[in-house]
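Participant: What follows is the file query07.cif, containing mmCIF, C-alpha atoms and all ligand atoms:
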```cif
data_entry
#
loop_
_atom_site.label_atom_id
_atom_site.label_comp_id
_atom_site.auth_asym_id
_atom_site.auth_seq_id
_atom_site.Cartn_x
_atom_site.Cartn_y
_atom_site.Cartn_z
CA MET R 463 -7.55 -96.40 -43.83
CA ASN R 464 -7.10 -99.26 -41.37
CA GLY R 465 -3.66 -99.65 -39.81
CA ILE R 466 -1.67 -96.45 -39.93
CA ASN R 467 2.12 -96.34 -40.26
CA ILE R 468 3.94 -93.75 -38.20
CA GLY R 469 7.44 -92.33 -38.53
CA LEU R 470 9.06 -90.50 -35.63
CA ILE R 471 11.75 -87.90 -36.28
CA GLY R 472 13.93 -86.84 -33.35
CA ALA R 473 14.55 -89.66 -30.86
CA GLY R 474 15.54 -87.54 -27.84
CA SER R 475 13.92 -86.97 -24.46
CA ILE R 476 10.33 -86.12 -25.43
CA SER R 477 10.10 -88.79 -28.13
CA GLU R 478 9.65 -91.31 -25.33
CA LEU R 479 6.19 -89.93 -24.52
CA HIS R 480 5.19 -89.96 -28.21
CA LEU R 481 6.40 -93.54 -28.63
CA GLN R 482 4.59 -94.76 -25.51
CA ALA R 483 1.40 -93.05 -26.68
CA TYR R 484 1.55 -94.50 -30.22
CA LYS R 485 2.17 -97.96 -28.75
CA LYS R 486 -1.15 -97.71 -26.90
CA GLN R 487 -3.18 -96.80 -30.00
CA PRO R 488 -4.97 -99.68 -31.72
CA ASP R 489 -4.14 -100.25 -35.43
CA VAL R 490 -1.13 -97.96 -35.28
CA ARG R 491 2.30 -99.23 -36.31
CA LEU R 492 5.55 -97.49 -35.43
CA SER R 493 7.30 -98.14 -38.76
CA ALA R 494 10.35 -95.89 -38.75
CA ILE R 495 12.45 -93.70 -36.50
CA CYS R 496 15.07 -91.13 -37.41
CA ASP R 497 17.69 -89.23 -35.47
CA LEU R 498 20.94 -87.51 -36.42
CA ASN R 499 22.37 -89.74 -33.72
CA GLY R 500 22.00 -93.24 -35.19
CA ASP R 501 22.76 -95.04 -31.92
CA ARG R 502 19.99 -93.14 -30.16
CA ALA R 503 17.52 -94.00 -32.91
CA ARG R 504 18.59 -97.66 -32.92
CA GLU R 505 18.24 -97.94 -29.14
CA LYS R 506 14.65 -96.65 -29.29
CA ALA R 507 13.92 -98.79 -32.35
CA SER R 508 14.95 -101.93 -30.53
CA ARG R 509 12.98 -101.03 -27.40
CA TYR R 510 9.79 -100.17 -29.32
CA GLY R 511 10.13 -102.79 -32.09
CA ILE R 512 10.47 -100.24 -34.88
CA PRO R 513 11.72 -101.89 -38.10
CA GLN R 514 13.30 -98.96 -39.99
CA VAL R 515 16.01 -96.64 -38.67
CA TYR R 516 17.24 -93.53 -40.47
CA THR R 517 19.66 -90.71 -39.76
CA ASP R 518 18.35 -88.45 -42.55
CA TYR R 519 14.69 -87.45 -42.24
CA ARG R 520 14.41 -87.21 -46.05
CA ASP R 521 14.94 -90.96 -46.31
CA LEU R 522 12.14 -91.56 -43.81
CA LEU R 523 9.83 -89.21 -45.72
CA SER R 524 10.50 -91.01 -49.00
CA ASP R 525 8.93 -94.21 -47.60
CA PRO R 526 5.45 -94.29 -49.20
CA GLU R 527 4.11 -96.62 -46.47
CA ILE R 528 4.44 -93.92 -43.82
CA GLU R 529 1.27 -91.86 -43.53
CA ALA R 530 2.04 -89.63 -40.58
CA VAL R 531 5.01 -88.36 -38.62
CA SER R 532 5.79 -86.96 -35.20
CA ILE R 533 8.45 -84.26 -35.26
CA CYS R 534 10.38 -84.19 -31.98
CA THR R 535 13.52 -82.38 -33.12
CA TRP R 536 15.14 -79.07 -32.19
CA ASN R 537 12.91 -76.05 -32.80
CA ASP R 538 15.02 -74.74 -35.72
CA THR R 539 14.15 -77.85 -37.76
CA HIS R 540 10.37 -77.92 -37.19
CA ALA R 541 9.56 -75.73 -40.21
CA GLU R 542 11.96 -77.43 -42.63
CA ILE R 543 10.99 -80.98 -41.64
CA GLY R 544 7.30 -80.14 -41.23
CA ILE R 545 7.02 -78.58 -44.68
CA ALA R 546 8.99 -81.42 -46.28
CA ALA R 547 6.74 -83.98 -44.56
CA LEU R 548 3.53 -82.27 -45.69
CA ARG R 549 4.85 -82.07 -49.26
CA ALA R 550 5.77 -85.76 -49.09
CA GLY R 551 2.07 -86.40 -48.35
CA LYS R 552 2.42 -87.10 -44.62
CA HIS R 553 0.22 -85.84 -41.80
CA VAL R 554 2.27 -84.05 -39.15
CA LEU R 555 2.23 -83.87 -35.36
CA VAL R 556 4.86 -81.27 -34.55
CA GLU R 557 6.15 -80.57 -31.07
CA LYS R 558 5.72 -77.12 -29.59
CA PRO R 559 6.70 -74.44 -30.35
CA LEU R 560 5.46 -74.65 -33.95
CA CYS R 561 8.80 -73.15 -35.06
CA ARG R 562 11.03 -70.17 -34.20
CA THR R 563 9.66 -67.23 -36.17
CA VAL R 564 6.42 -65.85 -37.59
CA GLU R 565 7.86 -66.17 -41.11
CA GLU R 566 8.47 -69.90 -40.60
CA ALA R 567 4.96 -70.28 -39.15
CA LEU R 568 3.43 -68.60 -42.21
CA GLN R 569 5.37 -70.96 -44.49
CA MET R 570 4.10 -73.95 -42.51
CA GLN R 571 0.53 -72.66 -42.71
CA ALA R 572 0.92 -72.22 -46.49
CA ALA R 573 2.21 -75.81 -46.79
CA VAL R 574 -0.79 -77.14 -44.84
CA ARG R 575 -3.17 -75.24 -47.12
CA GLU R 576 -1.30 -76.30 -50.27
CA THR R 577 -1.22 -80.02 -49.39
CA GLY R 578 -4.50 -80.42 -47.49
CA LYS R 579 -2.69 -82.61 -44.96
CA ILE R 580 -3.24 -82.52 -41.19
CA LEU R 581 -0.84 -80.53 -39.05
CA GLN R 582 -1.40 -80.73 -35.31
CA VAL R 583 0.70 -78.60 -32.97
CA GLY R 584 1.80 -80.41 -29.81
CA PHE R 585 0.12 -78.03 -27.36
CA VAL R 586 -0.14 -80.96 -25.00
CA ARG R 587 -1.75 -79.08 -22.12
CA ARG R 588 -4.90 -78.63 -24.21
CA TYR R 589 -5.25 -82.42 -24.25
CA ASP R 590 -5.08 -82.91 -20.49
CA ASP R 591 -8.37 -84.21 -19.06
CA LYS R 592 -8.48 -81.33 -16.62
CA ALA R 593 -8.19 -78.75 -19.42
CA ARG R 594 -11.10 -80.50 -21.14
CA LEU R 595 -13.16 -80.29 -17.95
CA ILE R 596 -12.35 -76.59 -17.56
CA ARG R 597 -13.36 -75.92 -21.16
CA ARG R 598 -16.71 -77.62 -20.54
CA PHE R 599 -17.35 -75.36 -17.55
CA ILE R 600 -16.32 -72.26 -19.51
CA GLU R 601 -18.46 -73.23 -22.51
CA LYS R 602 -21.46 -73.68 -20.23
CA GLY R 603 -20.99 -70.10 -19.03
CA GLU R 604 -19.95 -70.98 -15.45
CA VAL R 605 -17.39 -68.17 -15.21
CA GLY R 606 -18.98 -65.76 -17.69
CA ASP R 607 -16.73 -63.59 -19.78
CA ILE R 608 -13.03 -64.14 -19.02
CA TYR R 609 -11.32 -60.76 -18.95
CA TYR R 610 -8.09 -61.54 -17.12
CA ALA R 611 -5.73 -64.50 -16.90
CA LYS R 612 -2.46 -64.98 -15.14
CA ALA R 613 0.08 -67.76 -15.53
CA SER R 614 3.49 -68.52 -14.11
CA ILE R 615 5.93 -71.29 -14.83
CA LEU R 616 8.94 -70.60 -12.72
CA ARG R 617 11.81 -73.03 -12.39
CA ARG R 618 14.32 -72.13 -9.74
CA LEU R 619 16.83 -74.37 -11.56
CA GLY R 620 16.06 -75.93 -14.93
CA ASN R 621 17.93 -74.73 -17.99
CA PRO R 622 17.88 -77.94 -20.12
CA GLY R 623 21.20 -77.00 -21.78
CA GLY R 624 22.36 -78.18 -25.22
CA TRP R 625 20.25 -76.84 -28.09
CA PHE R 626 17.61 -75.44 -25.66
CA ALA R 627 20.23 -72.94 -24.46
CA ASP R 628 21.42 -72.09 -27.99
CA SER R 629 19.02 -69.39 -29.24
CA SER R 630 19.90 -70.07 -32.89
CA ARG R 631 18.45 -73.58 -32.56
CA SER R 632 15.75 -72.97 -29.94
CA GLY R 633 14.56 -69.48 -30.86
CA GLY R 634 14.78 -68.43 -27.19
CA GLY R 635 14.77 -69.61 -23.60
CA PRO R 636 12.00 -70.31 -21.08
CA LEU R 637 9.51 -68.07 -22.89
CA ILE R 638 9.46 -70.14 -26.11
CA ASP R 639 10.13 -73.44 -24.33
CA ILE R 640 7.78 -73.55 -21.34
CA GLY R 641 6.04 -70.15 -21.50
CA VAL R 642 4.54 -71.32 -24.79
CA HIS R 643 2.49 -73.93 -22.89
CA MET R 644 1.13 -71.42 -20.40
CA ILE R 645 0.32 -68.74 -22.97
CA ASP R 646 -1.32 -71.28 -25.22
CA LEU R 647 -3.40 -72.86 -22.46
CA CYS R 648 -4.70 -69.51 -21.21
CA TRP R 649 -5.36 -68.23 -24.73
CA TYR R 650 -7.21 -71.45 -25.65
CA LEU R 651 -9.33 -71.39 -22.49
CA MET R 652 -10.05 -67.67 -22.98
CA GLY R 653 -11.61 -68.58 -26.34
CA ARG R 654 -8.64 -67.69 -28.58
CA PRO R 655 -9.17 -63.89 -28.65
CA LYS R 656 -7.08 -61.92 -31.14
CA ALA R 657 -3.90 -60.56 -29.52
CA VAL R 658 -3.41 -56.89 -30.36
CA SER R 659 -0.34 -55.88 -28.36
CA VAL R 660 2.35 -57.26 -26.09
CA SER R 661 4.78 -55.76 -23.63
CA GLY R 662 7.58 -57.95 -22.35
CA ASN R 663 10.86 -58.06 -20.49
CA THR R 664 13.58 -60.67 -20.69
CA TYR R 665 16.50 -61.04 -18.29
CA ASN R 666 19.78 -62.85 -18.48
CA ARG R 667 21.06 -62.15 -15.01
CA LEU R 668 21.82 -65.57 -13.54
CA GLY R 669 23.10 -67.59 -16.50
CA ASN R 670 22.34 -71.33 -16.44
CA ARG R 671 23.68 -71.89 -12.89
CA SER R 672 25.21 -75.21 -13.92
CA ASN R 673 27.39 -74.80 -10.81
CA VAL R 674 24.43 -75.62 -8.52
CA ARG R 675 24.58 -79.10 -6.99
CA GLY R 676 22.03 -81.46 -5.51
CA LEU R 677 18.97 -80.71 -7.70
CA SER R 678 17.97 -82.61 -10.84
CA PHE R 679 16.03 -81.19 -13.80
CA TYR R 680 14.89 -81.90 -17.40
CA LYS R 681 17.84 -82.02 -19.78
CA ALA R 682 18.34 -82.13 -23.55
CA ALA R 683 19.49 -85.54 -24.77
CA ASP R 684 22.86 -83.92 -25.57
CA TYR R 685 23.14 -81.92 -22.37
CA ASP R 686 25.91 -79.36 -22.52
CA ALA R 687 26.14 -76.42 -20.16
CA SER R 688 28.99 -74.67 -21.93
CA LEU R 689 26.78 -72.58 -24.23
CA ASN R 690 23.94 -70.37 -23.02
CA THR R 691 22.59 -67.58 -25.22
CA VAL R 692 18.98 -67.56 -23.99
CA GLU R 693 17.16 -65.49 -21.38
CA ASP R 694 16.82 -67.00 -17.93
CA MET R 695 13.58 -65.18 -17.11
CA ALA R 696 10.81 -63.38 -19.00
CA ASN R 697 7.53 -61.68 -18.19
CA ALA R 698 4.83 -60.20 -20.37
CA MET R 699 1.45 -58.55 -20.58
CA ILE R 700 -0.65 -59.51 -23.60
CA ARG R 701 -3.69 -57.45 -24.61
CA PHE R 702 -6.54 -58.84 -26.69
CA GLU R 703 -9.00 -57.24 -29.09
CA ASN R 704 -11.94 -58.03 -26.74
CA GLY R 705 -10.28 -56.05 -23.93
CA ALA R 706 -9.05 -59.13 -22.03
CA SER R 707 -5.47 -59.37 -20.84
CA LEU R 708 -3.01 -62.10 -19.91
CA MET R 709 -0.03 -61.71 -17.61
CA VAL R 710 2.69 -64.32 -17.64
CA ASP R 711 6.10 -64.93 -16.13
CA VAL R 712 8.50 -67.77 -16.82
CA SER R 713 12.00 -68.82 -15.85
CA PHE R 714 14.69 -71.42 -16.38
CA THR R 715 16.24 -70.12 -13.21
CA LEU R 716 15.35 -67.57 -10.56
CA HIS R 717 16.17 -67.04 -6.91
CA ALA R 718 12.81 -68.51 -5.94
CA SER R 719 12.35 -70.82 -2.96
CA LYS R 720 10.59 -73.45 -5.08
CA ASP R 721 9.31 -74.16 -8.57
CA GLU R 722 5.91 -72.68 -9.32
CA VAL R 723 3.21 -73.43 -11.88
CA THR R 724 0.03 -71.39 -11.66
CA VAL R 725 -2.74 -70.81 -14.19
CA LYS R 726 -5.69 -68.64 -13.19
CA LEU R 727 -8.58 -67.32 -15.23
CA TYR R 728 -10.97 -64.65 -14.03
CA GLY R 729 -14.41 -64.04 -15.52
CA ASP R 730 -17.32 -61.76 -14.64
CA LYS R 731 -19.31 -64.66 -13.11
CA GLY R 732 -16.54 -66.73 -11.59
CA GLY R 733 -12.93 -67.77 -11.68
CA ILE R 734 -10.91 -70.90 -12.33
CA GLU R 735 -7.64 -71.83 -10.75
CA ALA R 736 -6.37 -74.48 -13.16
CA GLU R 737 -2.92 -75.02 -11.68
CA PRO R 738 -1.44 -76.03 -9.31
CA SER R 739 -4.75 -77.55 -8.21
CA LEU R 740 -8.18 -77.21 -9.76
CA LEU R 741 -10.58 -74.86 -8.01
CA ILE R 742 -13.65 -73.08 -9.33
CA VAL R 743 -14.61 -69.82 -7.67
CA SER R 744 -18.18 -68.61 -7.73
CA GLU R 745 -20.71 -66.43 -5.91
CA LYS R 746 -24.15 -67.59 -4.82
CA HIS R 747 -26.69 -66.05 -2.41
CA ASP R 748 -24.24 -63.26 -1.49
CA THR R 749 -21.58 -65.80 -0.63
CA ILE R 750 -18.27 -66.61 -2.27
CA LEU R 751 -17.82 -70.31 -2.96
CA ASN R 752 -14.55 -72.11 -3.65
CA ILE R 753 -15.68 -75.26 -5.41
CA GLU R 754 -13.34 -78.21 -5.53
CA PRO R 755 -14.26 -80.60 -8.37
CA GLN R 756 -13.97 -84.22 -7.26
CA ILE R 757 -11.72 -85.74 -9.91
CA ASP R 758 -8.88 -88.24 -9.75
CA HIS R 759 -6.17 -85.78 -10.71
CA LYS R 760 -6.21 -82.11 -9.84
CA THR R 761 -2.96 -81.36 -11.63
CA ILE R 762 -1.82 -82.14 -15.19
CA GLN R 763 -1.23 -85.83 -15.97
CA ILE R 764 1.49 -85.51 -18.55
CA GLU R 765 1.59 -89.08 -19.87
CA ALA R 766 -2.20 -89.25 -20.19
CA ALA R 767 -2.20 -85.86 -21.91
CA PHE R 768 0.30 -87.15 -24.51
CA GLN R 769 -1.90 -90.19 -25.03
CA ASN R 770 -4.93 -87.97 -25.62
CA GLU R 771 -2.88 -85.78 -27.98
CA VAL R 772 -1.68 -88.74 -30.04
CA LYS R 773 -5.16 -90.35 -30.03
CA HIS R 774 -6.63 -87.09 -31.35
CA PHE R 775 -3.92 -86.90 -34.04
CA ILE R 776 -4.70 -90.43 -35.24
CA GLU R 777 -8.44 -89.65 -35.29
CA CYS R 778 -7.77 -86.53 -37.38
CA CYS R 779 -5.56 -88.55 -39.78
CA ARG R 780 -8.37 -91.08 -40.17
CA THR R 781 -11.27 -88.64 -40.47
CA GLY R 782 -9.58 -85.62 -42.08
CA ASN R 783 -10.97 -83.44 -39.27
CA THR R 784 -8.99 -80.33 -38.32
CA PRO R 785 -7.16 -80.88 -35.02
CA ILE R 786 -8.08 -78.79 -31.98
CA SER R 787 -4.54 -77.37 -32.09
CA PRO R 788 -4.19 -76.48 -35.79
CA VAL R 789 -1.36 -74.65 -37.55
CA GLU R 790 -3.35 -71.38 -37.35
CA ASP R 791 -3.14 -71.51 -33.54
CA GLY R 792 0.57 -72.28 -33.73
CA LEU R 793 0.97 -69.16 -35.88
CA GLU R 794 -0.99 -66.93 -33.47
CA ILE R 795 1.13 -68.15 -30.55
CA MET R 796 4.32 -67.47 -32.57
CA LYS R 797 3.12 -63.89 -33.15
CA ILE R 798 2.70 -63.45 -29.39
CA LEU R 799 6.05 -65.07 -28.46
CA CYS R 800 8.05 -63.20 -31.11
CA GLY R 801 6.25 -59.97 -30.19
CA ILE R 802 7.31 -60.41 -26.56
CA TYR R 803 10.95 -60.93 -27.56
CA GLU R 804 10.77 -57.88 -29.83
CA SER R 805 9.15 -55.79 -27.09
CA ALA R 806 11.88 -56.81 -24.63
CA ARG R 807 14.58 -55.96 -27.18
CA LEU R 808 13.14 -52.53 -27.91
CA GLY R 809 11.98 -51.79 -24.36
CA GLN R 810 8.48 -50.84 -25.52
CA GLU R 811 5.04 -52.24 -26.24
CA ILE R 812 4.60 -53.89 -29.65
CA LYS R 813 1.39 -53.76 -31.68
CA LEU R 814 0.71 -57.09 -33.38
N1 LIG N 901 5.32 -81.01 -25.17
C1 LIG N 901 6.21 -80.93 -24.19
O1 LIG N 901 5.86 -80.85 -23.02
C2 LIG N 901 7.66 -80.94 -24.55
C3 LIG N 901 8.63 -81.23 -23.58
C4 LIG N 901 9.97 -81.24 -23.96
C5 LIG N 901 10.33 -80.94 -25.25
N2 LIG N 901 9.38 -80.63 -26.18
C6 LIG N 901 9.74 -80.26 -27.57
O2 LIG N 901 10.18 -81.44 -28.24
C7 LIG N 901 11.24 -81.13 -29.14
C8 LIG N 901 12.45 -81.99 -28.77
O3 LIG N 901 12.82 -81.76 -27.42
P1 LIG N 901 13.64 -82.84 -26.59
O4 LIG N 901 13.55 -82.43 -25.18
O5 LIG N 901 13.25 -84.21 -26.96
O6 LIG N 901 15.12 -82.53 -27.12
P2 LIG N 901 16.34 -83.55 -27.17
O7 LIG N 901 17.56 -82.75 -27.40
O8 LIG N 901 16.29 -84.46 -26.00
O9 LIG N 901 16.04 -84.45 -28.46
C9 LIG N 901 15.99 -83.89 -29.75
C10 LIG N 901 16.50 -84.95 -30.73
O10 LIG N 901 16.30 -84.46 -32.06
C11 LIG N 901 17.41 -84.90 -32.84
N3 LIG N 901 17.47 -84.06 -34.03
C12 LIG N 901 17.70 -82.74 -34.11
N4 LIG N 901 17.67 -82.33 -35.39
C13 LIG N 901 17.38 -83.43 -36.14
C14 LIG N 901 17.18 -83.65 -37.53
N5 LIG N 901 17.30 -82.67 -38.41
N6 LIG N 901 16.91 -84.91 -37.94
C15 LIG N 901 16.80 -85.93 -37.05
N7 LIG N 901 16.98 -85.76 -35.73
C16 LIG N 901 17.26 -84.53 -35.28
C17 LIG N 901 18.60 -84.76 -31.90
O11 LIG N 901 19.70 -85.52 -32.32
C18 LIG N 901 17.99 -85.25 -30.57
O12 LIG N 901 18.18 -86.63 -30.39
C19 LIG N 901 11.48 -79.62 -29.00
O13 LIG N 901 10.79 -78.94 -30.00
C20 LIG N 901 10.90 -79.29 -27.63
O14 LIG N 901 10.44 -77.95 -27.55
C21 LIG N 901 8.06 -80.64 -25.85
#
```
The structure in this file should be written as structure tokens.
Ligand SMILES: NC(=O)c1ccc[n+]([C@@H]2O[C@H](COP(=O)([O-])OP(=O)(O)OC[C@H]3O[C@@H](n4cnc5c(N)ncnc54)[C@H](O)[C@@H]3O)[C@@H](O)[C@H]2O)c1
Facilitator:
Amino acid sequence: MNGINIGLIGAGSISELHLQAYKKQPDVRLSAICDLNGDRAREKASRYGIPQVYTDYRDLLSDPEIEAVSICTWNDTHAEIGIAALRAGKHVLVEKPLCRTVEEALQMQAAVRETGKILQVGFVRRYDDKARLIRRFIEKGEVGDIYYAKASILRRLGNPGGWFADSSRSGGGPLIDIGVHMIDLCWYLMGRPKAVSVSGNTYNRLGNRSNVRGLSFYKAADYDASLNTVEDMANAMIRFENGASLMVDVSFTLHASKDEVTVKLYGDKGGIEAEPSLLIVSEKHDTILNIEPQIDHKTIQIEAAFQNEVKHFIECCRTGNTPISPVEDGLEIMKILCGIYESARLGQEIKL
């Protein structure tokens, strides 16, 4: 396989980062783009020099020249489009979350196994250079056995509206949208232990606060604040088979003084503060050391992370190697996310 032809489905906000990343890959051609909104697809096609434009993803999938697709659509379409793409013989890079339910995730896993095609889940934080550095340190035993992790992604104002705020299309609010990144990153860095139980709470106390003025935030391409059926805040405790635990809290809005992103991992030999700024904590000669790695970027570089993600996807398409974020990991994360929602609904811990 020399040049590889790519189709992109879903030409909204995040597609921009996929398109920029594909453009930078050698021997990769953006051949087709599809969106329900034809004008949106045409605008991106003209900016990125993409020859074919579709409004029905099935037409894009029927093009035999296209070998791989990026799926950047609403969460409720990931399973349907992903499975159709795999069955049409395409490799798939699907945006996070893998889908909305465990049932959908199992169907996607079955389709990957049935077709033998690549499916890479867009857990973009795994592909950040800093995450790779942290993994190297963990693999070399610098922090020992990680038994506790803690992550927060708190927006004081940031409900993206539109489909994100419509639980039938999104599957949920900040937990499935941004919490998914935090849970996945911690779980990945902890060595992907098996989750055995979850206990969660969700709150819908503040609504989307579309009345607030003077602050900008990420919005769906079709921003609409009139519908909001998702939680505005969630927290959870996740227990793993190896005894480790992960505590997480997330919000689209909260009466917090500022936005907050923290990711911390604690082992029996040392700790790692991954966000907001990288710090490695250690003990030597009866002294605690806070070690500050000297690297260009101490916080996530989102555009570079997307480039690494897309580069890895292309490599997997070429070599047939399993991606570092395979469908199996997407499924495990769906079990955790859906378990948290179920726990919050029932007001009790859920065994997975
Ligand atoms: N990795 C990240 O950091 C990150 C960030 C934002 C969004 N996302 C994910 O990317 C996906 C898209 O999010 P977004 O912010 O771009 O949303 P968006 O609303 O801006 O864009 C989604 C686009 O998909 C199109 N679409 C929906 N269903 C379609 C279908 N069946 N066929 C063709 N087009 C269809 C819509 O018309 C819209 O243009 C979501 O799954 C979201 O969770 C990931």
Participant: Could you give me the residues within 7 Å of ligand LIG 901 (chain N), counting only C-alpha atoms and all ligand atoms, as a PyMOL selection string?
Facilitator: chain R and resi 471-477+496-499+502+517-519+534-537+539+557-559+584-586+624-625+639+681-684
Participant: Give me, please, the distance in Å between CA of Leu522 in chain R and CA of Glu576 in chain R, quoted to one decimal.
Facilitator: 21.3 Å
Participant: As an exercise, work out the distance from CA of Met695 in chain R to CA of Ala767 in chain R in Å and give it to one decimal place.
Facilitator: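 Distance reported for this atom pair: 26.5 Å.
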Participant: Tell me, as a list of chain:residue names, which residues lie within 6 Å of range 715-725 of chain R, counting all atoms listed in the file; anything in the same chain fewer than 2 positions away does not count.
Facilitator: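 These residues fall inside the cut-off: R:Lys612, R:Ala613, R:Ser614, R:Ile615, R:Leu616, R:Arg617, R:Arg618, R:Leu619, R:Asp694, R:Ser713, R:Ala736, R:Glu737, R:Pro738.
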Participant: In Å, how far is it from CA of Tyr685 in chain R to CA of Tyr510 in chain R?
Facilitator: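 Answer for the CA of Tyr685 in chain R to CA of Tyr510 in chain R separation: 23.7 Å.
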Participant: Here is a test: counting only C-alpha atoms, which residue of R:Ala567, R:Leu808, R:Ile734, R:Leu492 is nearest to Glu790 in chain R?
Facilitator: R:Ala567
Participant: List every protein, DNA or RNA residue that has at least one atom no more than 7 Å from (7.0, -79.7, -37.4) in the file's coordinates, counting all atoms listed in the file, and write the result as number ranges by chain.
Facilitator: R: 533, 540-541, 543-544, 554-557, 560
Participant: R:Ala547, R:Ala593, R:Leu689, R:Ala573: which is nearest Ala627 in chain R, counting only C-alpha atoms?
Facilitator: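 Closest to Ala627 in chain R, using only C-alpha atoms: R:Leu689.
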Participant: For Gly465 in chain R, work out the shell of residues within 8 Å, counting only C-alpha atoms and skipping chain neighbours fewer than 2 positions away, then give it as a PDB file with C-alpha atoms, in the coordinates of the input.
Facilitator:
```pdb
ATOM      1  CA  MET R 463      -7.550 -96.400 -43.830  1.00  0.00           C
ATOM      2  CA  ASN R 467       2.120 -96.340 -40.260  1.00  0.00           C
ATOM      3  CA  ASP R 489      -4.140-100.250 -35.430  1.00  0.00           C
ATOM      4  CA  VAL R 490      -1.130 -97.960 -35.280  1.00  0.00           C
ATOM      5  CA  ARG R 491       2.300 -99.230 -36.310  1.00  0.00           C
TER       6      ARG R 491
END
```
Participant: Counting only C-alpha atoms, select every polymer residue within 12 Å of (7.3, -91.8, -50.4) as defined in the file's coordinates, and provide the selection as a list in words.
Facilitator: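 These residues have at least one counted atom within 12 Å: Gly469, Tyr519, Arg520, Asp521, Leu522, Leu523, Ser524, Asp525, Pro526, Glu527, Ile528, Glu529, Ala530, Ala546, Ala547, Leu548, Arg549, Ala550, Gly551 and Lys552 of chain R.
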Participant: For Met796 in chain R, which residue among R:Gly641, R:Gly729, R:Gly603, R:Gly511 is the nearest when counting all atoms listed in the file?
Facilitator: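 That would be R:Gly641, the residue with the smallest distance to Met796 in chain R.
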Participant: Would you kindly return, as a tab-separated table (two decimals) with C-alpha atoms, keeping the file's coordinate frame, each protein, DNA or RNA residue with an atom no farther than 8 Å from any atom of Ile742 in chain R, considering all atoms listed in the file and excluding same-chain residues fewer than 4 positions away?
Facilitator:
```
chain	number	residue	atom	x	y	z
R	732	GLY	CA	-16.54	-66.73	-11.59
R	733	GLY	CA	-12.93	-67.77	-11.68
R	734	ILE	CA	-10.91	-70.90	-12.33
R	735	GLU	CA	-7.64	-71.83	-10.75
R	752	ASN	CA	-14.55	-72.11	-3.65
R	753	ILE	CA	-15.68	-75.26	-5.41
R	754	GLU	CA	-13.34	-78.21	-5.53
R	755	PRO	CA	-14.26	-80.60	-8.37
```
Participant: In terms of the shortest atom-to-atom distance over only C-alpha atoms, which of R:Leu793, R:Ala611, R:Ala806, R:Ala657 is closest to Ala696 in chain R?
Facilitator: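 With only C-alpha atoms as the atom set, the closest residue is R:Ala806.
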Participant: Taking all atoms listed in the file into account, name the residue in R:Gly662, R:Gly620, R:Pro488, R:Pro788 that is nearest to Tyr680 in chain R.
Facilitator: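 Residue with the minimum atom-to-atom distance to Tyr680 in chain R: R:Gly620.
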Participant: Select, from R:Asn770, R:His643, R:Ser688, R:Ile798, the residue with the minimum atom-to-atom distance to Pro785 in chain R, counting all atoms listed in the file.
Facilitator: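 Checking each candidate against Pro785 in chain R, we get R:Asn770 as the closest.
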Participant: Which residues are near Leu751 in chain R? Cut-off 10 Å, all atoms listed in the file, ignore same chain within fewer than 4 positions. Put them as a list in words.
Facilitator: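 The contact residues come out as Gly732, Leu741, Ile742, Val743, Ser744, Glu745, Lys746 and His747 of chain R.
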Participant: May I have the residues from that selection written out with C-alpha atoms, as a tab-separated table (two decimals), in the frame of the given file?
Facilitator:
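Result saved to selection_35.tsv:
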```
chain	number	residue	atom	x	y	z
R	732	GLY	CA	-16.54	-66.73	-11.59
R	741	LEU	CA	-10.58	-74.86	-8.01
R	742	ILE	CA	-13.65	-73.08	-9.33
R	743	VAL	CA	-14.61	-69.82	-7.67
R	744	SER	CA	-18.18	-68.61	-7.73
R	745	GLU	CA	-20.71	-66.43	-5.91
R	746	LYS	CA	-24.15	-67.59	-4.82
R	747	HIS	CA	-26.69	-66.05	-2.41
```
Participant: Keeping just N, CA and C atoms, export range 670-677 of chain R of this structure as a PDB file, in the first residue's frame.
Facilitator:
```pdb
ATOM      1  N   ASN R 670     -27.662  24.672  31.609  1.00  0.00           N
ATOM      2  CA  ASN R 670     -26.502  24.977  30.752  1.00  0.00           C
ATOM      3  C   ASN R 670     -25.972  26.404  30.958  1.00  0.00           C
ATOM      4  N   ARG R 671     -26.676  27.201  31.723  1.00  0.00           N
ATOM      5  CA  ARG R 671     -26.259  28.582  32.038  1.00  0.00           C
ATOM      6  C   ARG R 671     -25.947  29.391  30.763  1.00  0.00           C
ATOM      7  N   SER R 672     -26.812  29.201  29.763  1.00  0.00           N
ATOM      8  CA  SER R 672     -26.599  29.946  28.507  1.00  0.00           C
ATOM      9  C   SER R 672     -26.875  31.440  28.704  1.00  0.00           C
ATOM     10  N   ASN R 673     -27.382  31.795  29.877  1.00  0.00           N
ATOM     11  CA  ASN R 673     -27.604  33.213  30.207  1.00  0.00           C
ATOM     12  C   ASN R 673     -26.293  33.955  30.494  1.00  0.00           C
ATOM     13  N   VAL R 674     -25.235  33.212  30.854  1.00  0.00           N
ATOM     14  CA  VAL R 674     -23.986  33.867  31.290  1.00  0.00           C
ATOM     15  C   VAL R 674     -23.320  34.562  30.112  1.00  0.00           C
ATOM     16  N   ARG R 675     -22.880  35.777  30.333  1.00  0.00           N
ATOM     17  CA  ARG R 675     -22.240  36.569  29.270  1.00  0.00           C
ATOM     18  C   ARG R 675     -20.742  36.714  29.507  1.00  0.00           C
ATOM     19  N   GLY R 676     -20.019  37.000  28.439  1.00  0.00           N
ATOM     20  CA  GLY R 676     -18.625  37.446  28.577  1.00  0.00           C
ATOM     21  C   GLY R 676     -17.592  36.335  28.580  1.00  0.00           C
ATOM     22  N   LEU R 677     -17.996  35.063  28.507  1.00  0.00           N
ATOM     23  CA  LEU R 677     -17.021  33.972  28.479  1.00  0.00           C
ATOM     24  C   LEU R 677     -17.294  33.089  27.265  1.00  0.00           C
TER      25      LEU R 677
END
```
